[in-house]
file upload24.txt (compact mmCIF, C-alpha atoms and all ligand atoms)
# COMPACT_ATOMS: atom_id res chain seq x y z
CA MET U 1027 0.31 40.34 14.94
CA ALA U 1028 3.27 38.80 13.10
CA THR U 1029 5.56 41.71 12.31
CA SER U 1030 7.60 40.46 9.35
CA GLU U 1031 8.14 37.59 6.94
CA ASP U 1032 10.06 35.99 9.83
CA GLY U 1033 6.69 35.53 11.58
CA TYR U 1034 6.78 36.01 15.37
CA PHE U 1035 10.46 35.13 15.52
CA ASP U 1036 11.74 38.38 14.05
CA GLU U 1037 15.08 40.08 14.57
CA ALA U 1038 14.23 41.35 18.07
CA VAL U 1039 13.03 37.92 19.27
CA ALA U 1040 15.96 36.14 17.62
CA ALA U 1041 18.44 38.50 19.31
CA ARG U 1042 17.12 37.50 22.75
CA TYR U 1043 16.25 33.85 22.07
CA ASP U 1044 19.52 32.29 23.22
CA SER U 1045 19.61 34.27 26.47
CA ASP U 1046 17.07 31.90 28.08
CA GLU U 1047 19.55 29.99 30.24
CA GLU U 1048 17.03 27.38 31.39
CA MET U 1049 16.18 26.21 27.85
CA PHE U 1050 19.83 26.02 26.85
CA ASP U 1051 20.90 24.28 30.09
CA PRO U 1052 22.62 20.96 29.23
CA ALA U 1053 20.32 19.34 31.82
CA VAL U 1054 17.41 20.28 29.49
CA VAL U 1055 19.11 19.84 26.12
CA ASP U 1056 21.08 16.62 26.68
CA PRO U 1057 18.09 14.29 27.26
CA VAL U 1058 16.45 15.64 24.07
CA VAL U 1059 19.61 15.01 22.08
CA ASP U 1060 20.05 11.52 23.61
CA PHE U 1061 16.47 10.62 22.70
CA LEU U 1062 16.74 11.89 19.11
CA ALA U 1063 20.22 10.46 18.47
CA GLU U 1064 18.98 7.02 19.52
CA LEU U 1065 16.03 7.25 17.09
CA ALA U 1066 18.22 8.62 14.28
CA GLY U 1067 20.62 5.68 14.54
CA SER U 1068 22.86 5.84 11.50
CA GLY U 1069 20.28 7.91 9.57
CA ARG U 1070 19.54 11.60 9.11
CA ALA U 1071 17.39 13.96 11.19
CA LEU U 1072 15.00 16.68 10.03
CA GLU U 1073 14.12 19.46 12.46
CA LEU U 1074 10.97 21.46 11.75
CA GLY U 1075 11.33 24.94 13.26
CA ILE U 1076 15.09 24.58 13.76
CA GLY U 1077 15.40 28.13 15.07
CA THR U 1078 18.83 29.04 16.43
CA GLY U 1079 19.86 25.39 16.59
CA ARG U 1080 19.37 24.83 20.33
CA ILE U 1081 18.85 21.09 19.63
CA ALA U 1082 20.22 20.74 16.09
CA VAL U 1083 23.74 21.94 16.89
CA PRO U 1084 24.42 19.45 19.73
CA LEU U 1085 22.66 16.69 17.76
CA ALA U 1086 24.93 17.33 14.78
CA GLN U 1087 27.90 17.31 17.19
CA ARG U 1088 26.90 13.76 18.11
CA GLY U 1089 27.48 12.82 14.49
CA VAL U 1090 23.82 12.84 13.33
CA PRO U 1091 23.44 14.66 9.99
CA VAL U 1092 20.74 17.31 10.58
CA HIS U 1093 18.71 19.38 8.14
CA GLY U 1094 16.30 22.08 9.29
CA ILE U 1095 13.29 24.00 8.03
CA ASP U 1096 12.36 27.41 9.43
CA MET U 1097 10.52 30.49 8.18
CA SER U 1098 12.60 32.94 10.23
CA ARG U 1099 15.77 34.14 8.54
CA ALA U 1100 16.56 36.04 11.75
CA MET U 1101 16.55 32.85 13.86
CA VAL U 1102 18.55 30.92 11.25
CA ALA U 1103 21.12 33.76 11.10
CA ARG U 1104 21.82 33.10 14.83
CA LEU U 1105 22.24 29.39 14.08
CA ARG U 1106 24.71 30.23 11.33
CA GLU U 1107 26.97 32.04 13.85
CA LYS U 1108 27.51 28.88 15.91
CA PRO U 1109 30.48 26.53 15.66
CA GLY U 1110 29.44 23.34 13.90
CA ALA U 1111 26.51 25.01 12.11
CA GLU U 1112 28.30 24.67 8.78
CA ARG U 1113 27.38 20.97 8.87
CA ILE U 1114 23.66 21.78 9.12
CA GLY U 1115 21.59 22.51 6.02
CA VAL U 1116 18.55 24.79 6.35
CA THR U 1117 15.62 25.39 4.02
CA ILE U 1118 13.68 28.61 4.58
CA GLY U 1119 9.92 28.11 4.43
CA ASP U 1120 6.74 26.98 6.20
CA PHE U 1121 7.36 23.54 7.70
CA ALA U 1122 3.76 22.47 7.01
CA THR U 1123 4.45 22.45 3.29
CA THR U 1124 8.14 23.02 2.54
CA THR U 1125 9.90 20.02 1.07
CA VAL U 1126 13.52 18.93 1.23
CA ASP U 1127 15.04 16.65 -1.36
CA ASP U 1128 16.14 13.98 1.12
CA THR U 1129 14.85 11.14 3.31
CA PHE U 1130 15.20 11.01 7.09
CA SER U 1131 15.08 8.38 9.81
CA VAL U 1132 13.71 10.87 12.32
CA ALA U 1133 11.85 14.18 12.06
CA TYR U 1134 11.18 16.27 15.16
CA LEU U 1135 9.20 19.30 16.27
CA VAL U 1136 10.02 20.32 19.84
CA PHE U 1137 9.14 23.00 22.35
CA ASN U 1138 5.42 23.35 21.46
CA THR U 1139 6.23 24.39 17.89
CA ILE U 1140 3.47 22.21 16.31
CA SER U 1141 1.08 24.68 17.97
CA ASN U 1142 2.55 27.56 15.95
CA LEU U 1143 0.39 26.16 13.15
CA THR U 1144 -2.89 27.82 14.07
CA THR U 1145 -5.33 25.72 12.01
CA GLN U 1146 -6.17 22.02 12.04
CA GLU U 1147 -5.60 21.94 8.26
CA ALA U 1148 -2.04 23.22 8.63
CA GLN U 1149 -1.27 20.72 11.41
CA VAL U 1150 -2.62 17.84 9.30
CA ALA U 1151 -0.55 19.11 6.34
CA CYS U 1152 2.51 19.13 8.59
CA PHE U 1153 2.04 15.46 9.55
CA ARG U 1154 1.61 14.55 5.88
CA ASN U 1155 4.69 16.57 4.93
CA VAL U 1156 6.75 14.79 7.59
CA ALA U 1157 5.51 11.34 6.54
CA ALA U 1158 6.57 12.09 2.97
CA HIS U 1159 10.12 12.82 4.21
CA LEU U 1160 10.51 9.74 6.41
CA ALA U 1161 12.13 6.50 5.33
CA PRO U 1162 10.02 3.38 6.00
CA GLY U 1163 10.30 2.68 9.74
CA GLY U 1164 11.21 6.34 10.36
CA CYS U 1165 9.80 8.30 13.31
CA PHE U 1166 8.19 11.68 13.94
CA VAL U 1167 8.72 13.15 17.42
CA ILE U 1168 6.69 15.98 18.92
CA GLU U 1169 7.15 17.70 22.31
CA VAL U 1170 4.12 19.78 23.24
CA GLY U 1171 2.19 20.91 26.30
CA VAL U 1172 -1.13 19.44 27.40
CA ARG U 1173 -3.83 22.01 28.14
CA GLY U 1174 -6.23 21.90 31.02
CA GLY U 1175 -9.43 23.88 30.48
CA GLU U 1176 -8.37 26.92 32.53
CA PRO U 1177 -8.68 30.17 30.53
CA LEU U 1178 -5.64 31.94 32.04
CA GLN U 1179 -2.39 30.39 33.24
CA VAL U 1180 0.81 32.08 34.38
CA PHE U 1181 3.60 29.93 32.95
CA ASP U 1182 6.55 32.11 33.88
CA LEU U 1183 7.13 34.81 36.48
CA THR U 1184 10.60 36.28 36.92
CA ASP U 1185 11.98 39.80 37.42
CA THR U 1186 12.38 40.24 33.66
CA HIS U 1187 9.67 38.04 32.11
CA VAL U 1188 6.01 37.31 32.77
CA GLY U 1189 4.32 34.69 30.61
CA ILE U 1190 0.55 34.23 30.61
CA ASP U 1191 -1.37 31.76 28.44
CA GLU U 1192 -4.91 32.70 27.41
CA TYR U 1193 -6.91 29.68 26.25
CA ASP U 1194 -10.34 29.27 24.67
CA ALA U 1195 -11.34 25.61 24.97
CA ALA U 1196 -14.21 26.04 22.49
CA THR U 1197 -11.91 26.99 19.60
CA GLN U 1198 -8.64 25.45 20.90
CA ARG U 1199 -7.10 28.88 20.35
CA LEU U 1200 -4.25 29.66 22.72
CA VAL U 1201 -2.43 32.98 22.95
CA SER U 1202 0.85 33.18 24.85
CA HIS U 1203 1.41 36.68 26.15
CA HIS U 1204 5.04 37.50 26.94
CA PHE U 1205 5.85 40.63 28.94
CA GLU U 1206 9.59 41.21 28.89
CA LEU U 1207 11.74 43.86 30.55
CA VAL U 1208 14.02 45.17 27.79
CA ASP U 1209 16.37 48.11 28.53
CA GLY U 1210 14.19 49.15 31.47
CA ARG U 1211 10.88 49.02 29.54
CA TRP U 1212 8.23 46.30 29.59
CA GLU U 1213 7.53 45.03 26.06
CA ARG U 1214 4.61 42.79 25.13
CA LEU U 1215 4.55 40.04 22.52
CA SER U 1216 1.39 37.93 22.06
CA ILE U 1217 1.78 34.78 19.94
CA PRO U 1218 -1.24 32.75 18.73
CA PHE U 1219 -1.21 28.97 18.87
CA ARG U 1220 -3.60 26.11 18.23
CA SER U 1221 -3.72 23.53 20.99
CA ALA U 1222 -4.41 19.91 19.96
CA SER U 1223 -4.91 17.01 22.37
CA PRO U 1224 -2.66 13.94 22.20
CA GLY U 1225 -5.60 12.01 20.72
CA GLU U 1226 -6.13 14.60 17.97
CA LEU U 1227 -2.43 14.43 17.08
CA ASP U 1228 -2.72 10.61 16.92
CA LEU U 1229 -5.52 11.03 14.37
CA MET U 1230 -3.38 13.41 12.32
CA ALA U 1231 -0.61 10.81 12.34
CA GLU U 1232 -3.13 8.18 11.24
CA LEU U 1233 -4.27 10.42 8.36
CA ALA U 1234 -0.63 10.67 7.31
CA GLY U 1235 -0.13 6.90 7.46
CA MET U 1236 1.79 6.78 10.76
CA ARG U 1237 0.99 5.12 14.09
CA LEU U 1238 1.79 5.92 17.72
CA ARG U 1239 4.88 4.08 18.94
CA GLU U 1240 5.68 5.78 22.28
CA ARG U 1241 4.25 8.53 24.47
CA TRP U 1242 6.08 9.93 27.50
CA SER U 1243 5.77 12.99 29.71
CA GLY U 1244 9.45 13.87 29.25
CA TRP U 1245 12.61 13.13 27.32
CA LYS U 1246 13.87 10.66 29.92
CA ARG U 1247 10.85 8.49 29.16
CA GLU U 1248 8.93 9.50 32.28
CA PRO U 1249 5.42 7.95 32.28
CA PHE U 1250 2.63 9.96 30.64
CA THR U 1251 -0.34 10.23 33.01
CA SER U 1252 -3.48 12.33 33.44
CA ALA U 1253 -1.37 14.69 35.59
CA SER U 1254 1.26 15.26 32.87
CA ARG U 1255 1.57 18.85 31.64
CA LYS U 1256 3.32 17.92 28.39
CA HIS U 1257 4.03 14.92 26.21
CA VAL U 1258 6.81 13.61 24.04
CA SER U 1259 5.20 11.44 21.39
CA VAL U 1260 6.75 9.26 18.71
CA TRP U 1261 4.80 8.15 15.64
CA GLU U 1262 6.25 5.63 13.23
CA LYS U 1263 5.92 5.23 9.48
CA PRO U 1264 5.38 1.50 8.87
CA ALA U 1265 8.52 -0.33 7.80
CA ASP U 1266 6.63 -1.91 4.89
CA SER U 1267 5.27 1.40 3.52
C1 LIG W 1301 10.00 28.21 19.84
S1 LIG W 1301 11.09 28.28 18.48
C2 LIG W 1301 11.90 26.71 18.64
C3 LIG W 1301 13.26 26.69 18.00
C4 LIG W 1301 14.05 25.41 18.28
N1 LIG W 1301 13.36 24.25 17.73
C5 LIG W 1301 14.27 25.22 19.76
O1 LIG W 1301 13.85 24.19 20.30
O2 LIG W 1301 14.88 26.11 20.39
C6 LIG W 1301 10.00 27.99 17.10
C7 LIG W 1301 10.69 28.09 15.75
O3 LIG W 1301 9.77 27.60 14.76
C8 LIG W 1301 9.74 28.51 13.68
N2 LIG W 1301 8.40 28.40 13.08
C9 LIG W 1301 7.20 28.62 13.68
N3 LIG W 1301 6.20 28.36 12.83
C10 LIG W 1301 6.78 27.98 11.66
C11 LIG W 1301 6.28 27.55 10.41
N4 LIG W 1301 4.96 27.46 10.16
N5 LIG W 1301 7.15 27.21 9.44
C12 LIG W 1301 8.50 27.30 9.67
N6 LIG W 1301 9.05 27.68 10.83
C13 LIG W 1301 8.18 28.02 11.82
C14 LIG W 1301 10.05 29.86 14.27
O4 LIG W 1301 10.55 30.75 13.29
C15 LIG W 1301 11.05 29.50 15.34
O5 LIG W 1301 12.38 29.52 14.84

call {"tool": "encode", "arguments": {"input": "upload24.txt", "output": "structure tokens", "more": "lines below"}}
Ligand SMILES: C[S@@+](CC[C@H](N)C(=O)[O-])C[C@H]1O[C@@H](n2cnc3c(N)ncnc32)[C@H](O)[C@@H]1O
result
Amino acid sequence: MATSEDGYFDEAVAARYDSDEEMFDPAVVDPVVDFLAELAGSGRALELGIGTGRIAVPLAQRGVPVHGIDMSRAMVARLREKPGAERIGVTIGDFATTTVDDTFSVAYLVFNTISNLTTQEAQVACFRNVAAHLAPGGCFVIEVGVRGGEPLQVFDLTDTHVGIDEYDAATQRLVSHHFELVDGRWERLSIPFRSASPGELDLMAELAGMRLRERWSGWKREPFTSASRKHVSVWEKPADS
């Protein structure tokens, strides 16, 4: 159950978020930033679910003006502590519906965060919200995992963290269970998601007036195949819209 108005990313989660060395490794972050900076060109970028600024801070350092939306004040407080964060504007709210008084050449939603919206209606609303913020010719980028049908999947297993996904193909409901060793005690956090196939996301883009431009299995434009476990997709708002 979400414990506060910060949702699942409350103070305790925010305090630990940046300690995941793998996610913050330049080998992981740099290709994301390269990809987004290229799409942003000389325009502005909007990050939905900006969190502690894992991507936004280095993207802003590249000279791309970045604005973020996030519902978690605790996560955004961590962003605010970082050098360079003063250049990044943040609006607190639900990214499915929150509006920003600006237009962007790229909007992005990385690290499975589209799935934090647990209904189809909210995901469709998110695509429509993004389309309304994009300049003609602007792009929406999503990075999200692809589910097989298996009901249980261990996605992480270390001395301090065990991650298990529980998936119900009939309802597309996914729950990520995190068991984390904190100060010698195992703590559990279970976060609900809604899994949507690449094709369903394409339809949401279509409903919002956008069309698929590129789909890869990674940020270095690796081919997307039936064996891919995630995709990086780019939808475009028509230049004549
Ligand atoms: C997994 S973190 C990703 C943070 C950052 N994008 C990154 O790549 O490290 C997901 C973020 O999305 C935010 N979030 C989840 N659902 C949201 C919603 N409906 N509206 C606004 N923010 C949301 C959370 O508060 C959290 O900061």

call {"tool": "residues_around", "arguments": {"input": "upload24.txt", "residues": "Val1039 (chain U)", "least_positions_apart": "6", "cutoff": "10 Å", "atoms": "only C-alpha atoms", "output": "ChimeraX atom specification"}}
result
/U:1100-1101,1215

call {"tool": "write_last_selection", "arguments": {"input": "upload24.txt", "atoms": "C-alpha atoms", "output": "PDB file, keeping the file's coordinate frame"}}
result
ATOM      1  CA  ALA U1100      16.560  36.040  11.750  1.00  0.00           C
ATOM      2  CA  MET U1101      16.550  32.850  13.860  1.00  0.00           C
ATOM      3  CA  LEU U1215       4.550  40.040  22.520  1.00  0.00           C
TER       4      LEU U1215
END

call {"tool": "residues_around", "arguments": {"input": "upload24.txt", "residues": "Asp1127 (chain U)", "least_positions_apart": "3", "cutoff": "12 Å", "atoms": "only C-alpha atoms", "output": "list in words"}}
result
Leu1072, His1093, Gly1115, Val1116, Thr1117, Thr1124, Phe1130, Ala1158, His1159 and Leu1160 of chain U

call {"tool": "atom_distance", "arguments": {"input": "upload24.txt", "atom1": "atom C5 of ligand LIG 1301 (chain W)", "atom2": "CA of Val1136 (chain U)"}}
result
6.5 Å

call {"tool": "residues_near_ligand", "arguments": {"input": "upload24.txt", "ligand": "ligand LIG 1301 (chain W)", "cutoff": "8 Å", "atoms": "only C-alpha atoms and all ligand atoms", "output": "MDAnalysis selection string"}}
result
chainID U and resid 1032:1036 1049 1073:1082 1095:1099 1101:1102 1118:1122 1135:1140 1142:1143

call {"tool": "atom_distance", "arguments": {"input": "upload24.txt", "atom1": "CA of Pro1162 (chain U)", "atom2": "CA of Asp1266 (chain U)"}}
result
6.4 Å

call {"tool": "residues_around", "arguments": {"input": "upload24.txt", "residues": "Ala1151 (chain U)", "least_positions_apart": "6", "cutoff": "9 Å", "atoms": "all atoms listed in the file", "output": "number ranges by chain"}}
result
U: 1122-1123, 1230, 1234

call {"tool": "residues_around", "arguments": {"input": "upload24.txt", "residues": "Glu1176 (chain U)", "least_positions_apart": "2", "cutoff": "12 Å", "atoms": "only C-alpha atoms", "output": "PDB file with C-alpha atoms, in the coordinates of the input"}}
result
ATOM      1  CA  VAL U1172      -1.130  19.440  27.400  1.00  0.00           C
ATOM      2  CA  ARG U1173      -3.830  22.010  28.140  1.00  0.00           C
ATOM      3  CA  GLY U1174      -6.230  21.900  31.020  1.00  0.00           C
ATOM      4  CA  LEU U1178      -5.640  31.940  32.040  1.00  0.00           C
ATOM      5  CA  GLN U1179      -2.390  30.390  33.240  1.00  0.00           C
ATOM      6  CA  VAL U1180       0.810  32.080  34.380  1.00  0.00           C
ATOM      7  CA  ILE U1190       0.550  34.230  30.610  1.00  0.00           C
ATOM      8  CA  ASP U1191      -1.370  31.760  28.440  1.00  0.00           C
ATOM      9  CA  GLU U1192      -4.910  32.700  27.410  1.00  0.00           C
ATOM     10  CA  TYR U1193      -6.910  29.680  26.250  1.00  0.00           C
ATOM     11  CA  ASP U1194     -10.340  29.270  24.670  1.00  0.00           C
ATOM     12  CA  ALA U1195     -11.340  25.610  24.970  1.00  0.00           C
ATOM     13  CA  ALA U1196     -14.210  26.040  22.490  1.00  0.00           C
ATOM     14  CA  GLN U1198      -8.640  25.450  20.900  1.00  0.00           C
ATOM     15  CA  LEU U1200      -4.250  29.660  22.720  1.00  0.00           C
TER      16      LEU U1200
END

call {"tool": "residues_near_point", "arguments": {"input": "upload24.txt", "point": "(14.1, 31.7, 29.4)", "cutoff": "12 Å", "atoms": "only C-alpha atoms", "output": "list in words"}}
result
Val1039, Arg1042, Tyr1043, Asp1044, Ser1045, Asp1046, Glu1047, Glu1048, Met1049, Phe1050, Asp1051, Val1054, Phe1181, Asp1182, Leu1183, Thr1184, Asp1185, Thr1186, His1187, Val1188, Gly1189, His1204 and Glu1206 of chain U

call {"tool": "residues_around", "arguments": {"input": "upload24.txt", "residues": "Glu1240 (chain U)", "least_positions_apart": "4", "cutoff": "9 Å", "atoms": "all atoms listed in the file", "output": "JSON list (two decimals) with C-alpha atoms, keeping the file's coordinate frame"}}
result
[["chain", "number", "residue", "atom", "x", "y", "z"],
["U", 1258, "VAL", "CA", 6.81, 13.61, 24.04],
["U", 1259, "SER", "CA", 5.20, 11.44, 21.39],
["U", 1260, "VAL", "CA", 6.75, 9.26, 18.71],
["U", 1261, "TRP", "CA", 4.80, 8.15, 15.64]]

call {"tool": "closest_residue", "arguments": {"input": "upload24.txt", "among": "U:Phe1219, U:Arg1154, U:Glu1037, U:Cys1165", "to": "Ala1103 (chain U)", "atoms": "all atoms listed in the file"}}
result
U:Glu1037
